[in-house]
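Undergrad: Contents are compact mmCIF, C-alpha atoms; file name target23.txt:
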```txt
# COMPACT_ATOMS: atom_id res chain seq x y z
CA MET A 1305 -7.73 167.76 155.37
CA ARG A 1306 -7.09 171.31 154.15
CA ALA A 1307 -5.20 171.86 150.92
CA ASP A 1308 -2.03 173.15 152.61
CA ALA A 1309 -2.06 170.21 155.03
CA ARG A 1310 -2.41 167.82 152.09
CA ASP A 1311 0.52 169.54 150.37
CA ASN A 1312 2.64 169.21 153.50
CA ARG A 1313 1.75 165.54 153.87
CA ALA A 1314 2.71 164.85 150.25
CA ARG A 1315 6.00 166.74 150.63
CA ILE A 1316 6.85 164.85 153.81
CA MET A 1317 6.19 161.52 152.13
CA THR A 1318 8.26 162.38 149.07
CA ALA A 1319 11.12 163.48 151.33
CA ALA A 1320 10.79 160.38 153.54
CA ASP A 1321 10.87 158.11 150.49
CA GLU A 1322 14.13 159.74 149.42
CA VAL A 1323 15.76 159.93 152.85
CA PHE A 1324 14.87 156.45 154.16
CA GLY A 1325 15.34 154.90 150.74
CA GLN A 1326 18.96 155.98 150.91
CA SER A 1327 19.64 155.22 154.55
CA PRO A 1328 17.53 153.18 156.95
CA ALA A 1329 19.33 154.92 159.82
CA ALA A 1330 18.16 158.42 158.79
CA SER A 1331 16.10 160.44 161.26
CA THR A 1332 12.70 162.12 161.09
CA ASP A 1333 14.63 165.36 161.43
CA ASP A 1334 16.40 164.69 158.11
CA VAL A 1335 12.97 164.19 156.53
CA ALA A 1336 11.63 167.46 157.92
CA LYS A 1337 14.68 169.34 156.60
CA LEU A 1338 14.39 167.95 153.08
CA ALA A 1339 10.62 168.56 153.05
CA GLY A 1340 11.18 172.14 154.22
CA VAL A 1341 8.79 171.84 157.16
CA GLY A 1342 9.27 171.88 160.94
CA ILE A 1343 9.59 168.63 162.88
CA ALA A 1344 6.29 169.43 164.64
CA THR A 1345 4.53 169.39 161.27
CA VAL A 1346 5.95 165.93 160.53
CA PHE A 1347 4.66 164.61 163.85
CA ARG A 1348 1.24 166.22 163.30
CA HIS A 1349 0.88 164.02 160.21
CA PHE A 1350 2.74 160.95 161.43
CA ALA A 1351 2.71 160.36 165.18
CA THR A 1352 5.74 158.04 165.05
CA LYS A 1353 8.63 157.27 162.72
CA THR A 1354 7.08 153.82 162.27
CA GLU A 1355 3.84 155.35 160.97
CA LEU A 1356 5.78 157.43 158.48
CA LEU A 1357 7.83 154.44 157.29
CA GLU A 1358 4.67 152.37 156.88
CA ALA A 1359 3.07 155.09 154.79
CA VAL A 1360 6.12 155.39 152.54
CA LEU A 1361 6.43 151.63 152.04
CA THR A 1362 2.71 151.37 151.30
CA LEU A 1363 2.96 154.16 148.73
CA ARG A 1364 5.86 152.41 146.97
CA LEU A 1365 4.01 149.10 146.82
CA GLU A 1366 0.84 150.80 145.57
CA ARG A 1367 2.79 152.56 142.84
CA LEU A 1368 4.32 149.26 141.72
CA ARG A 1369 0.86 147.66 141.70
CA ASP A 1370 -0.51 150.58 139.63
CA ARG A 1371 2.40 150.23 137.21
CA ALA A 1372 1.66 146.50 136.84
CA LEU A 1373 -2.04 147.16 136.24
CA GLN A 1374 -1.15 149.80 133.66
CA LEU A 1375 1.25 147.41 131.90
CA ALA A 1376 -1.44 144.70 131.95
CA GLY A 1377 -3.21 146.57 129.16
CA SER A 1378 -0.11 146.48 126.97
CA ALA A 1379 -0.21 145.10 123.43
CA ASP A 1380 2.99 143.11 124.13
CA PRO A 1381 2.42 141.05 127.31
CA GLY A 1382 5.93 139.57 127.15
CA ALA A 1383 7.64 142.97 127.08
CA ALA A 1384 5.26 144.17 129.83
CA PHE A 1385 6.20 141.26 132.13
CA TYR A 1386 9.97 141.69 131.69
CA GLU A 1387 9.74 145.48 131.99
CA PHE A 1388 7.91 145.21 135.28
CA PHE A 1389 10.35 142.57 136.60
CA THR A 1390 13.26 144.87 135.74
CA GLN A 1391 11.58 147.87 137.40
CA VAL A 1392 10.99 146.01 140.67
CA VAL A 1393 14.61 144.84 140.80
CA SER A 1394 15.95 148.31 139.93
CA GLU A 1395 13.90 149.97 142.67
CA SER A 1396 14.56 147.29 145.22
CA ALA A 1397 17.56 148.84 146.93
CA SER A 1398 15.55 151.81 148.19
CA LYS A 1399 12.40 149.76 148.87
CA LEU A 1400 14.39 147.27 150.94
CA ALA A 1401 16.06 150.13 152.80
CA ILE A 1402 12.62 151.36 153.85
CA ALA A 1403 11.54 147.87 154.91
CA GLU A 1404 14.82 147.54 156.83
CA ALA A 1405 14.26 150.87 158.57
CA LEU A 1406 10.82 149.60 159.56
CA THR A 1407 12.34 146.46 161.07
CA ALA A 1408 14.99 148.51 162.86
CA SER A 1409 12.25 150.74 164.31
CA GLY A 1410 11.08 147.68 166.19
CA VAL A 1411 8.21 146.47 164.02
CA ALA A 1412 8.55 142.77 163.27
CA ALA A 1413 6.30 142.85 160.21
CA ALA A 1414 4.73 145.51 158.03
CA GLY A 1415 1.30 146.72 159.17
CA GLU A 1416 -2.10 146.10 157.63
CA GLU A 1417 -1.91 148.77 154.91
CA ALA A 1418 1.55 147.81 153.65
CA ARG A 1419 0.53 144.13 153.68
CA ALA A 1420 -2.58 144.88 151.64
CA ALA A 1421 -0.51 146.92 149.18
CA GLY A 1422 2.01 144.08 148.90
CA HIS A 1423 -0.81 141.65 148.24
CA GLY A 1424 -2.19 143.91 145.49
CA MET A 1425 1.25 144.11 143.90
CA ARG A 1426 1.63 140.31 143.89
CA GLU A 1427 -1.80 139.83 142.32
CA ALA A 1428 -1.02 142.35 139.57
CA PHE A 1429 2.34 140.61 138.93
CA ASP A 1430 0.52 137.27 138.70
CA GLY A 1431 -1.71 138.82 136.02
CA LEU A 1432 1.33 139.95 134.02
CA LEU A 1433 2.87 136.48 134.30
CA THR A 1434 -0.28 134.69 133.08
CA ALA A 1435 -0.61 137.06 130.11
CA ALA A 1436 3.08 136.66 129.20
CA GLN A 1437 2.73 132.88 129.34
CA LYS A 1438 -0.33 132.98 127.06
CA ALA A 1439 1.66 135.12 124.65
CA GLY A 1440 4.47 132.53 124.64
CA ALA A 1441 7.03 134.89 126.22
CA VAL A 1442 7.39 132.94 129.49
CA ARG A 1443 7.56 129.14 129.69
CA PRO A 1444 4.16 127.69 130.51
CA ASP A 1445 5.48 125.26 133.16
CA ALA A 1446 6.74 128.02 135.49
CA HIS A 1447 4.33 128.54 138.40
CA PHE A 1448 3.71 131.77 140.23
CA PRO A 1449 5.43 130.81 143.55
CA GLU A 1450 8.84 130.12 141.99
CA VAL A 1451 8.62 133.08 139.60
CA TYR A 1452 7.73 135.37 142.49
CA ALA A 1453 10.60 133.90 144.52
CA LEU A 1454 12.89 134.73 141.57
CA LEU A 1455 11.62 138.32 141.59
CA ILE A 1456 12.27 138.69 145.31
CA GLY A 1457 15.59 136.85 145.00
CA SER A 1458 16.81 138.98 142.08
CA SER A 1459 15.88 142.10 144.04
CA ARG A 1460 17.71 140.99 147.16
CA GLY A 1461 20.66 139.62 145.25
CA ALA A 1462 21.12 142.92 143.42
CA THR A 1463 20.87 144.82 146.70
CA ALA A 1464 23.02 142.55 148.86
CA ALA A 1465 25.81 142.35 146.30
CA ARG A 1466 25.52 146.14 145.61
CA LEU A 1467 25.63 145.47 141.90
CA ASP A 1468 26.30 148.22 139.41
CA ALA A 1469 23.57 148.59 136.78
CA GLU A 1470 25.56 146.67 134.17
CA THR A 1471 26.12 143.58 136.35
CA ARG A 1472 22.49 143.74 137.49
CA ASP A 1473 21.33 143.71 133.87
CA ARG A 1474 23.60 140.75 133.11
CA MET A 1475 22.18 138.90 136.11
CA LEU A 1476 18.65 139.64 134.89
CA ALA A 1477 19.56 138.43 131.38
CA LEU A 1478 20.45 135.05 132.91
CA VAL A 1479 17.19 134.98 134.88
CA TYR A 1480 15.16 135.91 131.79
CA ASP A 1481 16.83 133.23 129.70
CA GLY A 1482 15.68 130.71 132.29
CA LEU A 1483 12.14 132.06 132.15
CA LYS A 1484 11.82 132.03 128.39
CA PRO A 1485 10.30 128.98 126.71
CA PRO A 1486 12.87 126.51 125.34
CA THR A 1487 13.47 127.32 121.68
CA MET B 1474 43.40 124.19 175.25
CA ARG B 1475 42.77 120.98 177.22
CA ALA B 1476 40.82 118.14 175.62
CA ASP B 1477 37.68 118.65 177.74
CA ALA B 1478 37.73 122.40 177.05
CA ARG B 1479 38.03 121.64 173.33
CA ASP B 1480 35.07 119.26 173.58
CA ASN B 1481 33.00 121.88 175.36
CA ARG B 1482 33.86 124.48 172.77
CA ALA B 1483 32.85 122.17 169.92
CA ARG B 1484 29.58 121.28 171.67
CA ILE B 1485 28.76 124.94 172.29
CA MET B 1486 29.38 125.78 168.62
CA THR B 1487 27.26 122.89 167.37
CA ALA B 1488 24.45 123.94 169.71
CA ALA B 1489 24.78 127.62 168.73
CA ASP B 1490 24.66 126.73 165.04
CA GLU B 1491 21.39 124.89 165.65
CA VAL B 1492 19.82 127.44 168.01
CA PHE B 1493 20.70 130.66 166.17
CA GLY B 1494 20.16 129.01 162.79
CA GLN B 1495 16.55 128.50 163.77
CA SER B 1496 15.95 131.78 165.53
CA PRO B 1497 18.07 134.93 165.46
CA ALA B 1498 16.33 136.03 168.68
CA ALA B 1499 17.53 132.99 170.68
CA SER B 1500 19.63 133.58 173.79
CA THR B 1501 23.03 132.34 174.91
CA ASP B 1502 21.12 130.54 177.65
CA ASP B 1503 19.30 128.43 175.04
CA VAL B 1504 22.69 127.52 173.59
CA ALA B 1505 24.07 126.48 176.99
CA LYS B 1506 21.02 124.28 177.65
CA LEU B 1507 21.23 122.48 174.31
CA ALA B 1508 25.00 122.02 174.70
CA GLY B 1509 24.47 120.65 178.21
CA VAL B 1510 26.93 123.08 179.82
CA GLY B 1511 26.52 125.94 182.25
CA ILE B 1512 26.21 129.51 181.01
CA ALA B 1513 29.53 130.34 182.69
CA THR B 1514 31.24 127.76 180.48
CA VAL B 1515 29.80 129.41 177.38
CA PHE B 1516 31.13 132.80 178.46
CA ARG B 1517 34.53 131.31 179.29
CA HIS B 1518 34.85 130.34 175.62
CA PHE B 1519 32.98 133.26 174.08
CA ALA B 1520 33.07 136.51 176.03
CA THR B 1521 30.03 137.92 174.21
CA LYS B 1522 27.10 136.65 172.16
CA THR B 1523 28.61 138.51 169.20
CA GLU B 1524 31.84 136.51 169.50
CA LEU B 1525 29.87 133.26 169.53
CA LEU B 1526 27.77 134.29 166.51
CA GLU B 1527 30.92 135.27 164.61
CA ALA B 1528 32.50 131.91 165.34
CA VAL B 1529 29.41 130.02 164.17
CA LEU B 1530 29.05 132.04 160.97
CA THR B 1531 32.76 131.60 160.24
CA LEU B 1532 32.50 127.84 160.75
CA ARG B 1533 29.56 127.63 158.32
CA LEU B 1534 31.38 129.62 155.66
CA GLU B 1535 34.54 127.55 156.10
CA ARG B 1536 32.56 124.33 155.73
CA LEU B 1537 31.00 125.62 152.52
CA ARG B 1538 34.43 126.59 151.22
CA ASP B 1539 35.78 123.13 152.10
CA ARG B 1540 32.83 121.51 150.33
CA ALA B 1541 33.53 123.62 147.23
CA LEU B 1542 37.22 122.70 147.29
CA GLN B 1543 36.31 119.03 147.67
CA LEU B 1544 33.85 119.23 144.74
CA ALA B 1545 36.52 120.98 142.66
CA GLY B 1546 38.27 117.63 142.26
CA SER B 1547 35.13 116.02 140.85
CA ALA B 1548 35.15 114.20 137.51
CA ASP B 1549 31.96 116.04 136.48
CA PRO B 1550 32.57 119.79 136.95
CA GLY B 1551 29.04 120.67 135.76
CA ALA B 1552 27.35 118.45 138.35
CA ALA B 1553 29.79 119.76 141.00
CA PHE B 1554 28.89 123.39 140.25
CA TYR B 1555 25.12 122.83 140.36
CA GLU B 1556 25.36 120.63 143.46
CA PHE B 1557 27.26 123.31 145.34
CA PHE B 1558 24.84 126.02 144.20
CA THR B 1559 21.92 123.93 145.48
CA GLN B 1560 23.63 123.25 148.79
CA VAL B 1561 24.28 126.95 149.45
CA VAL B 1562 20.66 127.84 148.69
CA SER B 1563 19.33 124.96 150.83
CA GLU B 1564 21.43 125.97 153.82
CA SER B 1565 20.78 129.66 153.40
CA ALA B 1566 17.83 130.00 155.75
CA SER B 1567 19.88 129.05 158.80
CA LYS B 1568 23.02 130.85 157.60
CA LEU B 1569 21.05 134.06 157.05
CA ALA B 1570 19.44 133.68 160.46
CA ILE B 1571 22.91 133.66 162.02
CA ALA B 1572 23.97 136.70 159.98
CA GLU B 1573 20.74 138.43 161.02
CA ALA B 1574 21.35 137.62 164.69
CA LEU B 1575 24.79 139.16 164.28
CA THR B 1576 23.27 142.34 162.84
CA ALA B 1577 20.67 142.42 165.63
CA SER B 1578 23.45 142.11 168.20
CA GLY B 1579 24.64 145.49 167.02
CA VAL B 1580 27.45 144.57 164.65
CA ALA B 1581 27.10 146.37 161.33
CA ALA B 1582 29.28 143.94 159.41
CA ALA B 1583 30.83 140.57 160.05
CA GLY B 1584 34.26 140.62 161.65
CA GLU B 1585 37.64 139.80 160.16
CA GLU B 1586 37.41 136.00 160.46
CA ALA B 1587 33.93 135.67 158.99
CA ARG B 1588 34.93 138.04 156.16
CA ALA B 1589 38.01 135.98 155.37
CA ALA B 1590 35.91 132.80 155.41
CA GLY B 1591 33.35 134.43 153.09
CA HIS B 1592 36.17 135.44 150.76
CA GLY B 1593 37.50 131.87 150.71
CA MET B 1594 34.04 130.55 149.90
CA ARG B 1595 33.64 133.00 146.99
CA GLU B 1596 37.03 132.05 145.56
CA ALA B 1597 36.21 128.35 145.74
CA PHE B 1598 32.84 129.00 144.05
CA ASP B 1599 34.62 130.94 141.31
CA GLY B 1600 36.82 127.88 140.74
CA LEU B 1601 33.77 125.63 140.38
CA LEU B 1602 32.22 128.10 137.92
CA THR B 1603 35.31 128.28 135.73
CA ALA B 1604 35.63 124.48 135.62
CA ALA B 1605 31.91 124.07 134.79
CA GLN B 1606 32.25 126.60 131.97
CA LYS B 1607 35.26 124.78 130.55
CA ALA B 1608 33.24 121.56 130.66
CA GLY B 1609 30.41 123.25 128.72
CA ALA B 1610 27.90 122.96 131.58
CA VAL B 1611 27.60 126.71 132.20
CA ARG B 1612 27.39 129.30 129.41
CA PRO B 1613 30.78 130.84 128.76
CA ASP B 1614 29.50 134.45 128.62
CA ALA B 1615 28.32 134.47 132.27
CA HIS B 1616 30.77 136.35 134.48
CA PHE B 1617 31.45 135.68 138.14
CA PRO B 1618 29.77 138.84 139.55
CA GLU B 1619 26.33 138.13 138.08
CA VAL B 1620 26.54 134.39 138.81
CA TYR B 1621 27.49 135.14 142.40
CA ALA B 1622 24.63 137.66 142.62
CA LEU B 1623 22.31 134.89 141.41
CA LEU B 1624 23.62 132.59 144.15
CA ILE B 1625 23.02 135.22 146.83
CA GLY B 1626 19.68 136.18 145.28
CA SER B 1627 18.44 132.59 145.06
CA SER B 1628 19.43 132.08 148.69
CA ARG B 1629 17.65 135.20 149.88
CA GLY B 1630 14.63 134.64 147.65
CA ALA B 1631 14.17 131.13 149.01
CA THR B 1632 14.49 132.42 152.56
CA ALA B 1633 12.35 135.55 152.26
CA ALA B 1634 9.52 133.73 150.50
CA ARG B 1635 9.82 130.79 152.97
CA LEU B 1636 9.66 128.35 150.09
CA ASP B 1637 8.97 124.69 150.62
CA ALA B 1638 11.66 122.41 149.16
CA GLU B 1639 9.61 121.66 146.04
CA THR B 1640 9.07 125.31 145.09
CA ARG B 1641 12.71 126.05 145.87
CA ASP B 1642 13.81 123.29 143.51
CA ARG B 1643 11.51 124.61 140.77
CA MET B 1644 12.96 128.09 141.27
CA LEU B 1645 16.47 126.66 140.99
CA ALA B 1646 15.50 124.75 137.83
CA LEU B 1647 14.61 128.10 136.22
CA VAL B 1648 17.90 129.62 137.39
CA TYR B 1649 19.90 126.64 136.09
CA ASP B 1650 18.16 126.77 132.71
CA GLY B 1651 19.32 130.37 132.43
CA LEU B 1652 22.87 129.37 133.31
CA LYS B 1653 23.14 126.50 130.85
CA PRO B 1654 24.61 127.16 127.41
CA PRO B 1655 22.00 127.73 124.68
CA THR B 1656 21.32 124.41 122.94
```
Can you present the structure in this file as structure tokens?
TA:
Amino acid sequence: MRADARDNRARIMTAADEVFGQSPAASTDDVAKLAGVGIATVFRHFATKTELLEAVLTLRLERLRDRALQLAGSADPGAAFYEFFTQVVSESASKLAIAEALTASGVAAAGEEARAAGHGMREAFDGLLTAAQKAGAVRPDAHFPEVYALLIGSSRGATAARLDAETRDRMLALVYDGLKPPT
Amino acid sequence: MRADARDNRARIMTAADEVFGQSPAASTDDVAKLAGVGIATVFRHFATKTELLEAVLTLRLERLRDRALQLAGSADPGAAFYEFFTQVVSESASKLAIAEALTASGVAAAGEEARAAGHGMREAFDGLLTAAQKAGAVRPDAHFPEVYALLIGSSRGATAARLDAETRDRMLALVYDGLKPPT
């Protein structure tokens, strides 16, 4: 891919992340406008709206995975775990909007790439959990499946109830108190 | 309404609750078959699939509200609160399927009756929370908005992650530990 084509692709994806993250009902035209390119350029890179949505969702999941891997090297595994949990919940409204747009576009489930990215994110989160448990910051009897369900649930709860940041943080404080080892 | 028409209506709603609770993509025909009535009878009671879905969702919410009001008279307000919380989360998969079917049928938001029923359910839950806090079974510094967000979040987390009952109960144990007053 030539450098200007790569630039265009990156601009389209940044614009799509913004546009679809705010409204699942947005159009490819809205994306082209925000990216400052013609609609034909969008379709040259992404043959369908579904392809574009997939790419944006995959990018978001990969970024979260990278953030988790970066935090995994932290000197304070407890703080790293809770910081990542908070970040996922904070970003969830726009991530869920993209997933919703994908469903509305007629795709029952995310494609191969988004699934692989989601898997990578879960594995990295599992690593953060294990390290935080070893450091005594998360109770040792909590298993990955229920902690991951709490992460997904907190994300969806915050989104469905359209919580302001303050209420969301109070909800997370309750969740974190449940995750901490009994004192 | 005559007695046999009332019977038919009740049978259709019971069947619809079952059918749409399992699969949002089910058809009105599936409902008629399970109810043992002709499709014309279904449409005589519910002019559209949307009307039928609304009625079923409303009935579910009203039953939850009634359960909360019934539990409100309990001698153990703490047990009543946690029992209701668990019931809502356990039933959520089928309730969400009905709400999803409603969205898929082209209705952006639930209609007036379902909204009123949802409001009644929230108020009854708020009553259970207040009583449980007075009894010392829920921390006094937890406010309704974040506790309600936790209820919605736990429901959606359990549904999205397709948790088996055991994992769901372990997730709820973490949530409840966060809700209990510090010892």
Undergrad: What separation in Å, quoted to one decimal, exists between CA of Lys1399 in chain A and CA of Gly1325 in chain A?
TA: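 Interatomic distance here is 6.2 Å.
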Undergrad: Applying 8 Å and all atoms listed in the file, which residues near Thr1531 in chain B remain after dropping the ones on its own chain fewer than 2 positions away? List them as a PyMOL selection string.
TA: chain B and resi 1527-1529+1533-1535+1586-1588+1590-1591
Undergrad: Could you work out how far CA of Ala1372 in chain A lies from CA of Thr1318 in chain A, giving the answer in Å with one decimal?
TA: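 The value is 21.1 Å.
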Undergrad: Just fit chain A onto chain B on all the Cα atoms, in order, by least squares, and give it as a compact mmCIF listing (two decimals) with C-alpha atoms, keeping the file's coordinate frame.
TA:
```txt
# COMPACT_ATOMS: atom_id res chain seq x y z
CA MET A 1305 43.39 124.15 175.26
CA ARG A 1306 42.76 120.95 177.21
CA ALA A 1307 40.82 118.13 175.60
CA ASP A 1308 37.69 118.63 177.72
CA ALA A 1309 37.74 122.37 177.02
CA ARG A 1310 38.02 121.64 173.29
CA ASP A 1311 35.07 119.25 173.56
CA ASN A 1312 33.00 121.88 175.35
CA ARG A 1313 33.87 124.51 172.75
CA ALA A 1314 32.85 122.18 169.92
CA ARG A 1315 29.58 121.29 171.67
CA ILE A 1316 28.77 124.95 172.26
CA MET A 1317 29.38 125.78 168.62
CA THR A 1318 27.26 122.90 167.36
CA ALA A 1319 24.45 123.95 169.69
CA ALA A 1320 24.79 127.63 168.72
CA ASP A 1321 24.65 126.75 165.03
CA GLU A 1322 21.38 124.91 165.65
CA VAL A 1323 19.81 127.44 168.02
CA PHE A 1324 20.70 130.66 166.17
CA GLY A 1325 20.16 129.03 162.80
CA GLN A 1326 16.55 128.50 163.79
CA SER A 1327 15.93 131.79 165.55
CA PRO A 1328 18.06 134.92 165.49
CA ALA A 1329 16.32 136.03 168.69
CA ALA A 1330 17.50 132.99 170.70
CA SER A 1331 19.62 133.57 173.80
CA THR A 1332 23.03 132.34 174.92
CA ASP A 1333 21.13 130.54 177.66
CA ASP A 1334 19.29 128.43 175.05
CA VAL A 1335 22.69 127.51 173.60
CA ALA A 1336 24.08 126.47 176.98
CA LYS A 1337 21.02 124.28 177.63
CA LEU A 1338 21.24 122.46 174.30
CA ALA A 1339 25.01 122.02 174.69
CA GLY A 1340 24.50 120.63 178.20
CA VAL A 1341 26.94 123.06 179.81
CA GLY A 1342 26.52 125.94 182.27
CA ILE A 1343 26.21 129.51 181.02
CA ALA A 1344 29.55 130.33 182.71
CA THR A 1345 31.25 127.75 180.49
CA VAL A 1346 29.79 129.41 177.38
CA PHE A 1347 31.13 132.79 178.47
CA ARG A 1348 34.55 131.31 179.30
CA HIS A 1349 34.84 130.34 175.63
CA PHE A 1350 32.98 133.26 174.08
CA ALA A 1351 33.07 136.52 176.03
CA THR A 1352 30.02 137.93 174.21
CA LYS A 1353 27.09 136.66 172.18
CA THR A 1354 28.61 138.51 169.21
CA GLU A 1355 31.83 136.50 169.50
CA LEU A 1356 29.87 133.27 169.54
CA LEU A 1357 27.78 134.29 166.51
CA GLU A 1358 30.91 135.28 164.61
CA ALA A 1359 32.50 131.92 165.33
CA VAL A 1360 29.41 130.02 164.17
CA LEU A 1361 29.07 132.05 160.97
CA THR A 1362 32.77 131.61 160.24
CA LEU A 1363 32.50 127.86 160.74
CA ARG A 1364 29.55 127.65 158.31
CA LEU A 1365 31.38 129.64 155.65
CA GLU A 1366 34.54 127.56 156.10
CA ARG A 1367 32.55 124.36 155.74
CA LEU A 1368 30.98 125.62 152.51
CA ARG A 1369 34.43 126.60 151.21
CA ASP A 1370 35.78 123.13 152.11
CA ARG A 1371 32.83 121.52 150.34
CA ALA A 1372 33.54 123.62 147.22
CA LEU A 1373 37.23 122.70 147.28
CA GLN A 1374 36.32 119.04 147.67
CA LEU A 1375 33.87 119.24 144.75
CA ALA A 1376 36.54 120.99 142.66
CA GLY A 1377 38.28 117.63 142.28
CA SER A 1378 35.14 116.04 140.86
CA ALA A 1379 35.17 114.20 137.53
CA ASP A 1380 31.97 116.04 136.50
CA PRO A 1381 32.58 119.80 136.95
CA GLY A 1382 29.05 120.65 135.77
CA ALA A 1383 27.37 118.43 138.36
CA ALA A 1384 29.80 119.76 141.00
CA PHE A 1385 28.88 123.40 140.26
CA TYR A 1386 25.11 122.81 140.37
CA GLU A 1387 25.37 120.62 143.47
CA PHE A 1388 27.25 123.30 145.33
CA PHE A 1389 24.82 126.03 144.19
CA THR A 1390 21.91 123.92 145.46
CA GLN A 1391 23.64 123.26 148.80
CA VAL A 1392 24.27 126.95 149.45
CA VAL A 1393 20.65 127.83 148.69
CA SER A 1394 19.32 124.96 150.82
CA GLU A 1395 21.42 125.98 153.82
CA SER A 1396 20.79 129.66 153.41
CA ALA A 1397 17.83 130.01 155.74
CA SER A 1398 19.88 129.05 158.79
CA LYS A 1399 23.03 130.86 157.60
CA LEU A 1400 21.06 134.06 157.05
CA ALA A 1401 19.44 133.68 160.46
CA ILE A 1402 22.91 133.66 162.02
CA ALA A 1403 23.98 136.70 160.00
CA GLU A 1404 20.73 138.42 161.03
CA ALA A 1405 21.34 137.62 164.70
CA LEU A 1406 24.79 139.16 164.30
CA THR A 1407 23.27 142.34 162.88
CA ALA A 1408 20.67 142.43 165.64
CA SER A 1409 23.45 142.09 168.24
CA GLY A 1410 24.63 145.49 167.07
CA VAL A 1411 27.45 144.57 164.71
CA ALA A 1412 27.07 146.36 161.39
CA ALA A 1413 29.27 143.94 159.46
CA ALA A 1414 30.82 140.55 160.08
CA GLY A 1415 34.28 140.62 161.68
CA GLU A 1416 37.65 139.81 160.16
CA GLU A 1417 37.43 136.01 160.47
CA ALA A 1418 33.94 135.69 158.99
CA ARG A 1419 34.94 138.06 156.16
CA ALA A 1420 38.02 135.99 155.38
CA ALA A 1421 35.92 132.81 155.41
CA GLY A 1422 33.38 134.43 153.09
CA HIS A 1423 36.17 135.46 150.75
CA GLY A 1424 37.52 131.89 150.71
CA MET A 1425 34.05 130.57 149.90
CA ARG A 1426 33.64 133.00 146.98
CA GLU A 1427 37.04 132.07 145.55
CA ALA A 1428 36.23 128.35 145.74
CA PHE A 1429 32.85 129.00 144.05
CA ASP A 1430 34.64 130.95 141.30
CA GLY A 1431 36.84 127.88 140.74
CA LEU A 1432 33.77 125.64 140.38
CA LEU A 1433 32.21 128.09 137.92
CA THR A 1434 35.33 128.28 135.71
CA ALA A 1435 35.62 124.48 135.63
CA ALA A 1436 31.92 124.06 134.80
CA GLN A 1437 32.24 126.59 131.98
CA LYS A 1438 35.26 124.75 130.54
CA ALA A 1439 33.25 121.54 130.68
CA GLY A 1440 30.42 123.22 128.73
CA ALA A 1441 27.90 122.94 131.59
CA VAL A 1442 27.59 126.71 132.20
CA ARG A 1443 27.39 129.29 129.41
CA PRO A 1444 30.79 130.82 128.76
CA ASP A 1445 29.50 134.43 128.62
CA ALA A 1446 28.30 134.46 132.25
CA HIS A 1447 30.77 136.34 134.47
CA PHE A 1448 31.44 135.67 138.11
CA PRO A 1449 29.77 138.85 139.53
CA GLU A 1450 26.33 138.12 138.06
CA VAL A 1451 26.53 134.39 138.80
CA TYR A 1452 27.49 135.14 142.39
CA ALA A 1453 24.64 137.66 142.61
CA LEU A 1454 22.31 134.88 141.39
CA LEU A 1455 23.60 132.59 144.14
CA ILE A 1456 23.02 135.22 146.82
CA GLY A 1457 19.68 136.18 145.26
CA SER A 1458 18.43 132.59 145.05
CA SER A 1459 19.41 132.09 148.69
CA ARG A 1460 17.63 135.21 149.86
CA GLY A 1461 14.64 134.65 147.63
CA ALA A 1462 14.17 131.13 149.00
CA THR A 1463 14.49 132.43 152.56
CA ALA A 1464 12.36 135.56 152.23
CA ALA A 1465 9.52 133.75 150.49
CA ARG A 1466 9.83 130.79 152.95
CA LEU A 1467 9.65 128.37 150.06
CA ASP A 1468 8.96 124.70 150.59
CA ALA A 1469 11.64 122.42 149.15
CA GLU A 1470 9.60 121.66 146.04
CA THR A 1471 9.05 125.32 145.07
CA ARG A 1472 12.70 126.06 145.86
CA ASP A 1473 13.80 123.29 143.50
CA ARG A 1474 11.50 124.62 140.78
CA MET A 1475 12.95 128.10 141.25
CA LEU A 1476 16.47 126.66 140.98
CA ALA A 1477 15.49 124.75 137.82
CA LEU A 1478 14.60 128.09 136.22
CA VAL A 1479 17.89 129.62 137.37
CA TYR A 1480 19.88 126.64 136.08
CA ASP A 1481 18.15 126.76 132.71
CA GLY A 1482 19.33 130.36 132.41
CA LEU A 1483 22.88 129.35 133.30
CA LYS A 1484 23.13 126.48 130.87
CA PRO A 1485 24.60 127.13 127.42
CA PRO A 1486 21.99 127.68 124.69
CA THR A 1487 21.33 124.36 122.98
```
Undergrad: Would you tabulate, counting only C-alpha atoms, all residues of chain B that have an atom at most 6 Å from an atom of chain A, showing the closest pair of atoms and their distance in Å to one decimal, sorted by chain then ascending number, as a tab-separated table?
TA:
```
residue	atom	partner	partner_atom	distance
B:Glu1619	CA	A:Met1475	CA	4.7
B:Ala1622	CA	A:Gly1461	CA	5.1
B:Ile1625	CA	A:Gly1461	CA	5.2
B:Gly1626	CA	A:Gly1461	CA	3.6
B:Ser1627	CA	A:Gly1457	CA	5.1
B:Arg1629	CA	A:Gly1457	CA	5.5
B:Gly1630	CA	A:Gly1457	CA	3.6
B:Thr1640	CA	A:Glu1450	CA	5.7
B:Met1644	CA	A:Glu1450	CA	4.6
B:Leu1647	CA	A:Gly1482	CA	4.8
B:Val1648	CA	A:Gly1482	CA	5.7
B:Asp1650	CA	A:Gly1482	CA	4.7
B:Gly1651	CA	A:Gly1482	CA	3.7
```
Undergrad: Taking 5 positions as the minimum chain separation for residues in the same chain, which residues sit within 9 Å of range 1517-1521 of chain B when counting all atoms listed in the file? Answer as a short mmCIF file (atom, residue, chain, number, x, y, z; two decimals) with C-alpha atoms, in the coordinates of the input.
TA:
```cif
data_model
loop_
_atom_site.label_atom_id
_atom_site.label_comp_id
_atom_site.auth_asym_id
_atom_site.auth_seq_id
_atom_site.Cartn_x
_atom_site.Cartn_y
_atom_site.Cartn_z
CA ALA B 1478 37.73 122.40 177.05
CA ASN B 1481 33.00 121.88 175.36
CA ARG B 1482 33.86 124.48 172.77
CA ILE B 1485 28.76 124.94 172.29
CA THR B 1501 23.03 132.34 174.91
CA ILE B 1512 26.21 129.51 181.01
CA LEU B 1526 27.77 134.29 166.51
CA ALA B 1528 32.50 131.91 165.34
#
```
